[in-house]
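Engineer: This is input-v7.txt (compact mmCIF, C-alpha atoms).
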```txt
# COMPACT_ATOMS: atom_id res chain seq x y z
CA MET A 20 -39.07 134.14 19.71
CA LYS A 21 -37.35 130.79 19.71
CA PRO A 22 -34.60 130.18 17.18
CA LEU A 23 -35.43 127.95 14.22
CA TYR A 24 -33.42 124.79 14.15
CA PRO A 25 -33.78 122.41 11.22
CA PHE A 26 -33.76 119.40 13.59
CA PRO A 27 -35.69 120.32 16.70
CA HIS A 28 -34.85 117.06 18.45
CA LEU A 29 -31.17 118.01 18.25
CA ASN A 30 -31.82 121.55 19.39
CA PRO A 31 -29.73 121.97 22.53
CA LEU A 32 -31.97 124.77 23.74
CA PRO A 33 -35.25 123.94 25.39
CA HIS A 34 -38.24 125.60 23.80
CA ALA A 35 -41.25 127.07 25.51
CA GLY A 36 -43.34 124.63 27.47
CA GLU A 37 -40.89 121.76 27.09
CA ASP A 38 -40.23 119.55 30.05
CA THR A 39 -36.46 119.34 29.94
CA ASN A 40 -36.39 116.41 32.34
CA ASP A 41 -38.35 114.38 29.85
CA ARG A 42 -36.16 115.52 27.05
CA TYR A 43 -32.92 114.62 28.69
CA THR A 44 -34.35 111.41 30.07
CA ASN A 45 -35.22 110.45 26.50
CA PHE A 46 -31.77 111.26 25.27
CA THR A 47 -29.78 109.61 27.95
CA LEU A 48 -31.88 106.63 28.91
CA THR A 49 -34.57 105.80 26.42
CA ASN A 50 -33.19 107.06 23.13
CA THR A 51 -32.89 103.50 21.86
CA TYR A 52 -35.50 100.88 21.21
CA THR A 53 -35.73 98.15 23.85
CA ARG A 54 -33.28 95.28 23.50
CA THR A 55 -36.19 92.97 22.56
CA ALA A 56 -37.41 95.35 19.84
CA ARG A 57 -33.90 95.65 18.40
CA ALA A 58 -33.33 91.88 18.51
CA LEU A 59 -36.64 91.25 16.72
CA HIS A 60 -35.89 93.96 14.13
CA TRP A 61 -32.49 92.55 13.17
CA LEU A 62 -33.51 88.91 13.36
CA ILE A 63 -36.47 89.51 11.04
CA ALA A 64 -34.25 91.64 8.76
CA LEU A 65 -31.72 88.81 8.53
CA LEU A 66 -34.45 86.27 7.77
CA ILE A 67 -36.03 88.50 5.10
CA PHE A 68 -32.62 89.00 3.46
CA THR A 69 -32.27 85.20 3.39
CA VAL A 70 -35.77 84.14 2.35
CA PHE A 71 -36.27 86.71 -0.42
CA PRO A 72 -33.24 85.78 -2.60
CA LEU A 73 -33.90 82.12 -1.78
CA GLY A 74 -37.42 82.51 -3.19
CA LEU A 75 -36.11 84.11 -6.39
CA TYR A 76 -33.39 81.48 -6.81
CA MET A 77 -35.42 78.35 -6.12
CA HIS A 78 -38.29 79.32 -8.40
CA ASP A 79 -36.27 78.93 -11.59
CA LEU A 80 -34.41 75.76 -10.60
CA LYS A 81 -35.01 72.55 -12.52
CA LEU A 82 -36.94 70.07 -10.37
CA SER A 83 -34.50 68.18 -8.14
CA PRO A 84 -34.29 67.01 -4.53
CA ALA A 85 -32.34 70.23 -3.82
CA LYS A 86 -35.21 72.32 -5.19
CA LEU A 87 -37.74 70.50 -2.98
CA GLN A 88 -35.46 71.04 0.03
CA LEU A 89 -35.05 74.76 -0.72
CA TYR A 90 -38.83 75.17 -1.08
CA SER A 91 -39.25 73.61 2.35
CA TYR A 92 -36.59 75.86 3.91
CA HIS A 93 -38.20 78.90 2.26
CA LYS A 94 -41.59 77.97 3.70
CA TRP A 95 -40.14 77.30 7.16
CA ILE A 96 -38.30 80.65 7.25
CA GLY A 97 -41.47 82.39 6.07
CA MET A 98 -43.48 80.86 8.91
CA ILE A 99 -40.79 81.87 11.44
CA ILE A 100 -40.98 85.46 10.11
CA LEU A 101 -44.76 85.40 10.47
CA LEU A 102 -44.48 84.22 14.07
CA LEU A 103 -41.73 86.72 14.97
CA THR A 104 -43.71 89.54 13.34
CA ILE A 105 -46.75 88.74 15.48
CA ILE A 106 -44.54 88.76 18.60
CA ARG A 107 -42.94 91.99 17.41
CA LEU A 108 -46.31 93.68 16.87
CA LEU A 109 -47.46 92.65 20.35
CA TRP A 110 -44.21 94.04 21.77
CA ARG A 111 -44.60 97.25 19.75
CA ILE A 112 -48.17 97.75 20.98
CA THR A 113 -47.14 97.31 24.61
CA HIS A 114 -43.83 99.24 24.42
CA ARG A 115 -43.67 102.78 23.10
CA PRO A 116 -40.73 103.46 20.80
CA PRO A 117 -38.32 106.21 21.93
CA ALA A 118 -39.69 109.69 21.37
CA LEU A 119 -38.64 111.35 18.17
CA SER A 120 -39.46 114.71 16.72
CA LEU A 121 -39.32 114.92 12.97
CA PRO A 122 -40.51 117.46 10.43
CA ARG A 123 -44.17 116.88 9.59
CA PHE A 124 -43.50 115.33 6.19
CA GLU A 125 -40.90 112.92 7.56
CA GLN A 126 -43.27 111.95 10.35
CA ILE A 127 -46.03 111.06 7.89
CA ALA A 128 -43.67 109.27 5.50
CA SER A 129 -41.99 107.31 8.29
CA SER A 130 -45.30 106.30 9.83
CA ALA A 131 -46.71 105.20 6.45
CA VAL A 132 -43.63 103.14 5.55
CA HIS A 133 -43.47 101.51 8.98
CA HIS A 134 -47.17 100.60 8.91
CA LEU A 135 -46.84 99.15 5.40
CA LEU A 136 -43.74 97.19 6.39
CA TYR A 137 -45.64 95.60 9.27
CA VAL A 138 -48.57 94.79 6.98
CA LEU A 139 -46.21 93.17 4.45
CA MET A 140 -44.26 91.22 7.06
CA LEU A 141 -47.62 89.57 7.83
CA ALA A 142 -49.10 89.48 4.32
CA VAL A 143 -46.07 88.07 2.49
CA PRO A 144 -45.74 84.88 4.58
CA LEU A 145 -49.53 84.56 4.80
CA THR A 146 -49.96 84.64 1.01
CA GLY A 147 -47.14 82.10 0.72
CA TRP A 148 -48.92 79.81 3.16
CA LEU A 149 -52.24 80.32 1.31
CA MET A 150 -50.72 79.64 -2.12
CA SER A 151 -49.11 76.44 -0.82
CA SER A 152 -52.46 75.33 0.56
CA ALA A 153 -54.28 76.10 -2.68
CA LYS A 154 -51.64 74.30 -4.73
CA GLY A 155 -52.10 71.20 -2.57
CA PHE A 156 -48.65 71.37 -0.93
CA PRO A 157 -49.25 71.72 2.81
CA THR A 158 -46.68 73.36 5.06
CA VAL A 159 -45.06 71.13 7.67
CA LEU A 160 -42.74 73.21 9.82
CA PHE A 161 -39.27 71.58 9.99
CA GLY A 162 -40.87 68.50 8.40
CA ILE A 163 -42.52 67.60 11.72
CA LEU A 164 -45.15 70.19 12.66
CA PRO A 165 -48.07 70.22 10.20
CA LEU A 166 -49.72 73.63 9.85
CA PRO A 167 -53.42 73.70 9.00
CA ASP A 168 -54.38 73.98 5.35
CA LEU A 169 -56.13 77.31 5.03
CA LEU A 170 -57.62 76.55 1.62
CA THR A 171 -58.71 73.49 -0.32
CA LYS A 172 -56.84 72.49 -3.46
CA ASP A 173 -57.61 74.87 -6.33
CA LYS A 174 -55.06 75.24 -9.12
CA VAL A 175 -56.38 78.55 -10.49
CA LEU A 176 -56.56 80.15 -7.04
CA GLY A 177 -53.07 78.79 -6.32
CA GLN A 178 -51.68 80.56 -9.38
CA THR A 179 -53.46 83.82 -8.47
CA LEU A 180 -52.03 83.67 -4.95
CA GLU A 181 -48.56 83.00 -6.35
CA ASN A 182 -48.87 86.23 -8.36
CA VAL A 183 -50.08 88.13 -5.28
CA HIS A 184 -47.21 86.66 -3.20
CA ALA A 185 -44.67 87.78 -5.84
CA SER A 186 -46.18 91.29 -6.19
CA LEU A 187 -46.23 91.85 -2.44
CA ASN A 188 -42.59 90.76 -2.32
CA TYR A 189 -41.57 93.38 -4.88
CA LEU A 190 -43.53 95.98 -2.91
CA LEU A 191 -41.66 94.82 0.20
CA LEU A 192 -38.35 95.13 -1.65
CA LEU A 193 -39.26 98.71 -2.61
CA LEU A 194 -40.26 99.64 0.94
CA VAL A 195 -37.18 98.03 2.50
CA THR A 196 -35.05 100.05 0.07
CA VAL A 197 -36.82 103.26 1.10
CA HIS A 198 -36.50 102.27 4.77
CA ILE A 199 -32.73 101.67 4.48
CA ALA A 200 -32.21 104.84 2.42
CA ALA A 201 -34.06 106.87 5.04
CA ALA A 202 -32.04 105.33 7.90
CA LEU A 203 -28.78 106.11 6.08
CA LYS A 204 -29.95 109.64 5.30
CA HIS A 205 -30.68 110.23 8.98
CA HIS A 206 -27.33 108.79 10.00
CA PHE A 207 -24.99 110.36 7.45
CA ILE A 208 -26.76 113.49 6.26
CA ASP A 209 -28.93 114.60 9.17
CA ARG A 210 -26.42 113.08 11.64
CA ASP A 211 -29.18 112.31 14.11
CA ASP A 212 -29.74 109.18 16.22
CA VAL A 213 -32.59 107.66 14.20
CA LEU A 214 -30.43 104.75 13.02
CA ALA A 215 -28.38 104.50 16.20
CA ARG A 216 -31.42 103.90 18.37
CA MET A 217 -32.11 100.66 16.44
CA LEU A 218 -28.48 99.49 16.27
CA PRO A 219 -27.54 96.39 18.28
CA LYS A 220 -25.23 98.44 20.52
CA GLY A 221 -26.64 101.05 22.85
CA ASN A 222 -28.40 101.19 26.15
CA ASN A 223 -29.31 97.67 27.06
CA HIS A 224 -32.60 98.19 28.76
CA ALA A 225 -35.39 95.62 28.55
CA MET B 70 -94.89 17.54 -13.97
CA HIS B 71 -95.79 21.25 -13.90
CA LYS B 72 -94.47 21.43 -10.38
CA GLN B 73 -91.15 20.00 -11.49
CA ILE B 74 -90.79 22.53 -14.32
CA ILE B 75 -91.62 25.44 -12.02
CA THR B 76 -89.16 24.15 -9.41
CA SER B 77 -86.35 23.79 -11.92
CA LEU B 78 -87.13 27.26 -13.35
CA LEU B 79 -86.96 28.69 -9.84
CA LEU B 80 -83.68 26.89 -9.22
CA LEU B 81 -82.30 28.26 -12.48
CA ALA B 82 -83.40 31.75 -11.54
CA ALA B 83 -81.85 31.38 -8.09
CA GLY B 84 -78.68 30.05 -9.71
CA SER B 85 -78.41 33.02 -12.07
CA VAL B 86 -78.86 35.45 -9.16
CA GLN B 87 -76.09 33.63 -7.32
CA ALA B 88 -73.81 33.83 -10.33
CA VAL B 89 -73.96 37.61 -10.66
CA GLU B 90 -70.57 38.70 -11.89
CA TYR B 91 -69.17 42.22 -11.55
CA ASN B 92 -67.01 42.71 -14.62
CA GLN B 93 -67.47 46.13 -16.21
CA LEU B 94 -65.16 48.77 -14.76
CA GLN B 95 -66.67 52.27 -14.76
CA ALA B 96 -63.41 54.16 -15.12
CA ALA B 97 -65.02 57.61 -14.95
CA GLN B 98 -66.50 56.87 -11.52
CA SER B 99 -63.40 55.07 -10.26
CA ALA B 100 -60.20 56.54 -8.85
CA LEU B 101 -56.62 55.41 -8.55
CA THR B 102 -54.72 57.64 -6.15
CA PHE B 103 -51.41 57.55 -4.34
CA GLY B 104 -49.97 59.15 -1.24
CA TYR B 105 -46.37 59.80 -0.24
CA LYS B 106 -44.24 62.09 1.89
CA GLN B 107 -42.02 64.82 0.53
CA MET B 108 -39.81 66.59 3.09
CA GLY B 109 -42.18 65.20 5.71
CA VAL B 110 -45.19 66.71 3.93
CA PRO B 111 -48.00 64.26 3.15
CA LEU B 112 -48.98 64.64 -0.52
CA THR B 113 -51.43 62.90 -2.81
CA GLY B 114 -51.81 62.43 -6.54
CA LYS B 115 -53.74 60.31 -9.00
CA PHE B 116 -53.63 58.48 -12.29
CA ASN B 117 -56.22 59.66 -14.76
CA LYS B 118 -56.09 56.74 -17.21
CA PHE B 119 -56.41 53.09 -16.33
CA SER B 120 -58.38 50.12 -17.59
CA ALA B 121 -59.18 46.66 -16.30
CA GLN B 122 -60.57 43.31 -17.25
CA LEU B 123 -62.04 41.82 -14.15
CA ALA B 124 -64.59 39.34 -12.93
CA PHE B 125 -65.83 39.05 -9.38
CA ASP B 126 -68.66 36.94 -8.04
CA PRO B 127 -69.13 37.54 -4.30
CA ALA B 128 -70.34 33.97 -3.99
CA LYS B 129 -67.14 32.58 -5.52
CA PRO B 130 -64.27 34.91 -4.57
CA ALA B 131 -61.73 32.18 -5.28
CA TYR B 132 -62.59 32.45 -8.98
CA ALA B 133 -62.15 36.22 -9.07
CA ARG B 134 -59.59 37.57 -11.49
CA ALA B 135 -58.34 41.00 -12.42
CA HIS B 136 -55.92 42.55 -14.84
CA PHE B 137 -55.19 46.27 -14.56
CA ASP B 138 -53.30 48.55 -16.89
CA VAL B 139 -52.35 52.01 -15.65
CA VAL B 140 -51.11 54.63 -18.11
CA LEU B 141 -48.16 56.05 -16.15
CA ALA B 142 -47.95 59.25 -18.19
CA SER B 143 -51.48 60.10 -17.01
CA ILE B 144 -50.11 60.88 -13.54
CA ASP B 145 -51.36 64.03 -11.83
CA THR B 146 -49.13 65.12 -8.95
CA GLY B 147 -50.67 68.57 -8.69
CA SER B 148 -47.69 70.23 -10.35
CA THR B 149 -46.99 70.23 -14.10
CA ASP B 150 -43.21 70.27 -13.48
CA ALA B 151 -43.46 67.19 -11.30
CA ASP B 152 -45.76 65.37 -13.79
CA GLU B 153 -43.17 65.83 -16.54
CA GLU B 154 -40.30 64.87 -14.24
CA VAL B 155 -42.02 61.70 -13.02
CA ALA B 156 -42.81 60.51 -16.57
CA GLY B 157 -39.08 60.94 -17.38
CA ARG B 158 -36.23 58.42 -17.48
CA GLN B 159 -35.24 58.55 -13.82
CA TRP B 160 -38.77 57.90 -12.60
CA PHE B 161 -41.26 55.84 -14.67
CA ASN B 162 -39.39 56.09 -17.97
CA ALA B 163 -42.89 56.10 -19.44
CA LYS B 164 -41.64 56.13 -23.05
CA THR B 165 -40.08 52.69 -22.62
CA TYR B 166 -42.47 51.40 -19.95
CA PRO B 167 -45.81 53.16 -20.58
CA LEU B 168 -47.94 50.89 -18.37
CA ALA B 169 -48.00 49.64 -14.83
CA THR B 170 -49.74 46.26 -14.75
CA PHE B 171 -51.41 44.33 -11.97
CA VAL B 172 -52.45 40.72 -12.51
CA SER B 173 -54.33 39.02 -9.70
CA SER B 174 -53.33 35.57 -8.53
CA GLY B 175 -55.96 35.01 -5.89
CA VAL B 176 -58.73 36.49 -3.77
CA THR B 177 -59.54 35.23 -0.28
CA ALA B 178 -62.71 36.02 1.65
CA LEU B 179 -61.95 37.45 5.09
CA GLY B 180 -65.57 37.48 6.25
CA GLY B 181 -68.26 40.10 5.84
CA ASN B 182 -67.48 42.37 2.91
CA ARG B 183 -63.73 42.06 3.37
CA TYR B 184 -61.41 40.26 1.02
CA GLN B 185 -57.71 39.98 0.42
CA ALA B 186 -56.37 40.22 -3.09
CA THR B 187 -52.91 39.10 -4.08
CA GLY B 188 -51.16 39.47 -7.38
CA LYS B 189 -48.17 40.69 -9.27
CA LEU B 190 -47.49 44.35 -9.85
CA SER B 191 -45.15 45.23 -12.72
CA ILE B 192 -43.67 48.70 -13.15
CA LYS B 193 -40.66 49.69 -15.22
CA GLY B 194 -39.80 46.07 -16.10
CA ARG B 195 -39.77 44.93 -12.47
CA THR B 196 -42.39 42.65 -10.96
CA MET B 197 -43.23 42.24 -7.26
CA ASP B 198 -45.91 40.42 -5.31
CA VAL B 199 -48.45 42.67 -3.65
CA THR B 200 -51.29 41.99 -1.25
CA ALA B 201 -54.17 44.36 -0.69
CA PRO B 202 -57.11 44.25 1.70
CA VAL B 203 -60.26 45.09 -0.27
CA THR B 204 -63.83 45.81 0.73
CA PHE B 205 -66.72 45.18 -1.62
CA GLN B 206 -70.13 46.83 -1.44
CA ALA B 207 -72.86 45.80 -3.86
CA ASP B 208 -75.93 47.86 -4.59
CA GLY B 209 -77.94 45.93 -7.18
CA ASN B 210 -75.79 45.54 -10.25
CA ARG B 211 -73.35 48.22 -9.06
CA GLY B 212 -70.39 47.03 -7.06
CA VAL B 213 -67.75 49.17 -5.38
CA PHE B 214 -64.27 47.96 -4.43
CA ASP B 215 -62.08 49.97 -2.04
CA GLY B 216 -58.59 49.05 -1.03
CA SER B 217 -55.02 50.10 -0.61
CA PHE B 218 -51.51 48.74 -0.39
CA ASN B 219 -48.00 50.09 0.01
CA ILE B 220 -45.04 49.73 -2.28
CA LYS B 221 -41.41 50.82 -2.02
CA ARG B 222 -40.68 53.01 -5.01
CA LEU B 223 -36.96 52.11 -5.05
CA ALA B 224 -37.83 48.40 -5.42
CA TYR B 225 -39.16 49.39 -8.86
CA ALA B 226 -36.33 51.89 -9.51
CA ILE B 227 -38.91 54.71 -9.49
CA GLY B 228 -36.63 57.69 -8.90
CA GLU B 229 -33.03 56.96 -9.84
CA GLY B 230 -29.84 58.96 -9.49
CA GLU B 231 -30.24 61.93 -7.12
CA TRP B 232 -33.87 60.88 -6.52
CA THR B 233 -32.80 57.75 -4.63
CA ASP B 234 -32.50 60.16 -1.70
CA VAL B 235 -35.50 59.05 0.36
CA SER B 236 -35.17 61.92 2.84
CA THR B 237 -36.64 64.22 0.17
CA VAL B 238 -39.20 61.91 -1.46
CA ALA B 239 -39.99 58.96 0.81
CA ASP B 240 -39.54 55.38 -0.37
CA GLU B 241 -42.96 54.27 0.78
CA ILE B 242 -45.87 54.98 -1.55
CA GLN B 243 -49.45 54.20 -0.63
CA ILE B 244 -51.67 53.15 -3.54
CA LYS B 245 -55.43 53.51 -3.07
CA PHE B 246 -58.15 52.36 -5.38
CA HIS B 247 -61.86 53.00 -5.56
CA LEU B 248 -63.41 50.93 -8.34
CA VAL B 249 -66.99 51.07 -9.52
CA VAL B 250 -67.84 47.90 -11.40
CA LEU B 251 -71.17 46.98 -12.98
CA ALA B 252 -72.50 43.44 -13.12
CA ALA B 253 -73.51 41.81 -16.37
CA PRO B 254 -75.15 38.44 -16.84
CA LYS B 255 -72.71 35.63 -17.58
```
Can you present the structure in this file as structure tokens?

Structural biologist:
Amino acid sequence: MKPLYPFPHLNPLPHAGEDTNDRYTNFTLTNTYTRTARALHWLIALLIFTVFPLGLYMHDLKLSPAKLQLYSYHKWIGMIILLLTIIRLLWRITHRPPALSLPRFEQIASSAVHHLLYVLMLAVPLTGWLMSSAKGFPTVLFGILPLPDLLTKDKVLGQTLENVHASLNYLLLLLVTVHIAAALKHHFIDRDDVLARMLPKGNNHA
Amino acid sequence: MHKQIITSLLLLAAGSVQAVEYNQLQAAQSALTFGYKQMGVPLTGKFNKFSAQLAFDPAKPAYARAHFDVVLASIDTGSTDADEEVAGRQWFNAKTYPLATFVSSGVTALGGNRYQATGKLSIKGRTMDVTAPVTFQADGNRGVFDGSFNIKRLAYAIGEGEWTDVSTVADEIQIKFHLVVLAAPK
């Protein structure tokens, strides 16, 4: 009978049927995400932490040239996030993340949160783009690259989409909070490498 | 004798057809819109209230005349915030200057259905000459004018203070008009 360890992935003893080569390969070589995956993760994180407070702040400003400028910057950052998220999803589909064994509940929770985060990283900028279209304010990236208008002008629809955009943002805020809390729990309480494998430092492969 | 009367009646009839004058603006079917760039984004808006006294006989364009009044507070930019801002002191100052006025000074035929209208446009106490190419299409007693011209908003002090920054809201504003005008006998 094999001993019960609370964190099987940290269990120094191989269990029955385990290919130890694989295990140690994972730990020594591929226990971090690829450099591209980590770069995309932190770049998108930085942009989200910029664009979200910017959105809250600009909304309540009195109309001024500064407000119009901030709206444009907000829309540009949102479109960059959308583009980076698409790239990131393509990378994620073609590159398996490092193996990780978690208790069943944590596996389900982590998978659900990660899937929802990906959905929101697409849906939040998309609803912003749609609401801009419906309100009759097209998006022109950096003031030079016009993006297609996805909807025709419709004030009521524009307002509805604004509400959807705001709600999805608060859901995103909630999920990001859970995501960060979980990463910190793994790092400081479980003392495993869940956070470390996404940190900028580490094995610089790919 | 009879022949003479019939001939003169025919001439009169022909004369009255020639002298058809388009002079009743159908405001509900007409549109006064504007286009501009904001942070490089092309945007459009419109004025909901305007009136005109005008007279246009395609046979005698030189005698055409027009006087337009546009209620500036009727602006629709697509955003309530912006509508209120633009009616305010720094923009139209619509309380002091409620109307934009255009008074024609001449119409020249350019051939076909094309004309060129010139006149004076007054906004916010400032008056400038403007020239607009106009097309005219008649269908019985219903005539349709389409045209456009550009103005510089700062020449009329539309957008003062921080709004003089033309990198946010461009200086150039395109005014477009689509006017449905019915003909009435003189």

Engineer: Using all atoms listed in the file, which of A:Leu214, A:Leu166, A:Leu75, A:Val132 sits nearest chain B?

Structural biologist: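 Selected residue with least distance to chain B: A:Leu166.
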
Engineer: Find the residues of chain B in contact range of chain A, meaning any atom within 6 Å when counting all atoms listed in the file, and list them as a list in words.

Structural biologist: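 My answer is Met108, Gly109, Val110 and Thr237 of chain B.
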
Engineer: Find the spatial neighbours of segment 242-246 of chain B, counting all atoms listed in the file, within a cut-off of 12 Å - ignore same-chain residues fewer than 6 positions away - and output them as a VMD selection string.

Structural biologist: chain B and resid 96 98 to 107 111 to 116 119 137 139 190 199 to 205 213 to 225 227 235

Engineer: When you look at Leu191 of chain A with a cut-off of 12 Å (counting all atoms listed in the file), what residues show up, excluding the ones that are within fewer than 4 positions of it in the same chain? I need them as an NGL selection string.

Structural biologist: :A and (64 or 67-68 or 71 or 132-144 or 184-187 or 195-198)

Engineer: With all atoms listed in the file as the counted atoms, please give the residues lying no more than 9 Å from segment 180-182 of chain A, apart from itself and same-chain residues fewer than 6 positions off, as a ChimeraX atom specification.

Structural biologist: /A:146-147,149-151,153

Engineer: Do you have the atom CA of Asn92 of chain B-atom CA of Asp126 of chain B distance handy?

Structural biologist: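 Between atom CA of Asn92 of chain B and atom CA of Asp126 of chain B the gap is 8.9 Å.
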
Engineer: As an exercise, work out the distance from atom CA of Gln178 of chain A to atom CA of Leu194 of chain A in Å and give it to one decimal place.

Structural biologist: 24.5 Å

Engineer: Using only C-alpha atoms, determine which residues lie at most 6 Å from segment 168-177 of chain B, disregarding the query and same-chain residues fewer than 4 positions distant; provide the list as a list of chain:residue names.

Structural biologist: B:Pro130, B:Ala131, B:Arg134, B:Ala135, B:His136, B:Phe137, B:Asp138, B:Val139, B:Val140, B:Leu141, B:Tyr184, B:Gln185, B:Ala186, B:Thr187, B:Gly188, B:Lys189, B:Leu190, B:Ser191, B:Ile192

Engineer: Just give me the gap between atom CA of Leu251 of chain B and atom CA of Asp208 of chain B in Å, one decimal is fine.

Structural biologist: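 The value is 9.7 Å.
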
Engineer: Near His114 of chain A, counting all atoms listed in the file, which residues have an atom at most 10 Å away, once you skip same-chain residues fewer than 3 positions from it, shown as a VMD selection string?

Structural biologist: chain A and resid 52 to 53 56 108 to 111 117

Engineer: May I have the residues from that selection written out with C-alpha atoms, as a compact mmCIF listing (two decimals), in the coordinates of the input?

Structural biologist:
```
# COMPACT_ATOMS: atom_id res chain seq x y z
CA TYR A 52 -35.50 100.88 21.21
CA THR A 53 -35.73 98.15 23.85
CA ALA A 56 -37.41 95.35 19.84
CA LEU A 108 -46.31 93.68 16.87
CA LEU A 109 -47.46 92.65 20.35
CA TRP A 110 -44.21 94.04 21.77
CA ARG A 111 -44.60 97.25 19.75
CA PRO A 117 -38.32 106.21 21.93
```

Engineer: Place N, CA and C atoms on segment 154-170 of chain A and deliver the coordinates as a short mmCIF file (atom, residue, chain, number, x, y, z; two decimals), in the coordinates of the input.

Structural biologist:
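out_28.cif written:
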```
data_model
loop_
_atom_site.label_atom_id
_atom_site.label_comp_id
_atom_site.auth_asym_id
_atom_site.auth_seq_id
_atom_site.Cartn_x
_atom_site.Cartn_y
_atom_site.Cartn_z
N LYS A 154 -52.32 75.14 -3.75
CA LYS A 154 -51.64 74.30 -4.73
C LYS A 154 -51.58 72.84 -4.28
N GLY A 155 -52.07 72.58 -3.06
CA GLY A 155 -52.10 71.20 -2.57
C GLY A 155 -50.77 70.75 -1.96
N PHE A 156 -49.91 71.70 -1.60
CA PHE A 156 -48.65 71.37 -0.93
C PHE A 156 -48.66 71.95 0.47
N PRO A 157 -49.14 71.19 1.45
CA PRO A 157 -49.25 71.72 2.81
C PRO A 157 -47.88 72.12 3.37
N THR A 158 -47.91 72.94 4.40
CA THR A 158 -46.68 73.36 5.06
C THR A 158 -46.51 72.55 6.34
N VAL A 159 -45.37 71.90 6.46
CA VAL A 159 -45.06 71.13 7.67
C VAL A 159 -43.75 71.71 8.21
N LEU A 160 -43.88 72.49 9.28
CA LEU A 160 -42.74 73.21 9.82
C LEU A 160 -41.65 72.24 10.26
N PHE A 161 -40.43 72.44 9.73
CA PHE A 161 -39.27 71.58 9.99
C PHE A 161 -39.53 70.11 9.63
N GLY A 162 -40.54 69.86 8.80
CA GLY A 162 -40.87 68.50 8.40
C GLY A 162 -41.56 67.70 9.49
N ILE A 163 -41.90 68.36 10.62
CA ILE A 163 -42.52 67.60 11.72
C ILE A 163 -43.82 68.23 12.24
N LEU A 164 -43.98 69.55 12.08
CA LEU A 164 -45.15 70.19 12.66
C LEU A 164 -46.10 70.64 11.55
N PRO A 165 -47.16 69.86 11.30
CA PRO A 165 -48.07 70.22 10.20
C PRO A 165 -48.89 71.46 10.55
N LEU A 166 -48.89 72.44 9.66
CA LEU A 166 -49.72 73.63 9.85
C LEU A 166 -51.04 73.38 9.13
N PRO A 167 -52.12 73.96 9.64
CA PRO A 167 -53.42 73.70 9.00
C PRO A 167 -53.44 74.21 7.56
N ASP A 168 -54.18 73.51 6.72
CA ASP A 168 -54.38 73.98 5.35
C ASP A 168 -55.49 75.01 5.37
N LEU A 169 -55.15 76.22 4.94
CA LEU A 169 -56.13 77.31 5.03
C LEU A 169 -57.12 77.26 3.88
N LEU A 170 -56.74 76.60 2.79
CA LEU A 170 -57.62 76.55 1.62
C LEU A 170 -57.65 75.12 1.10
#
```
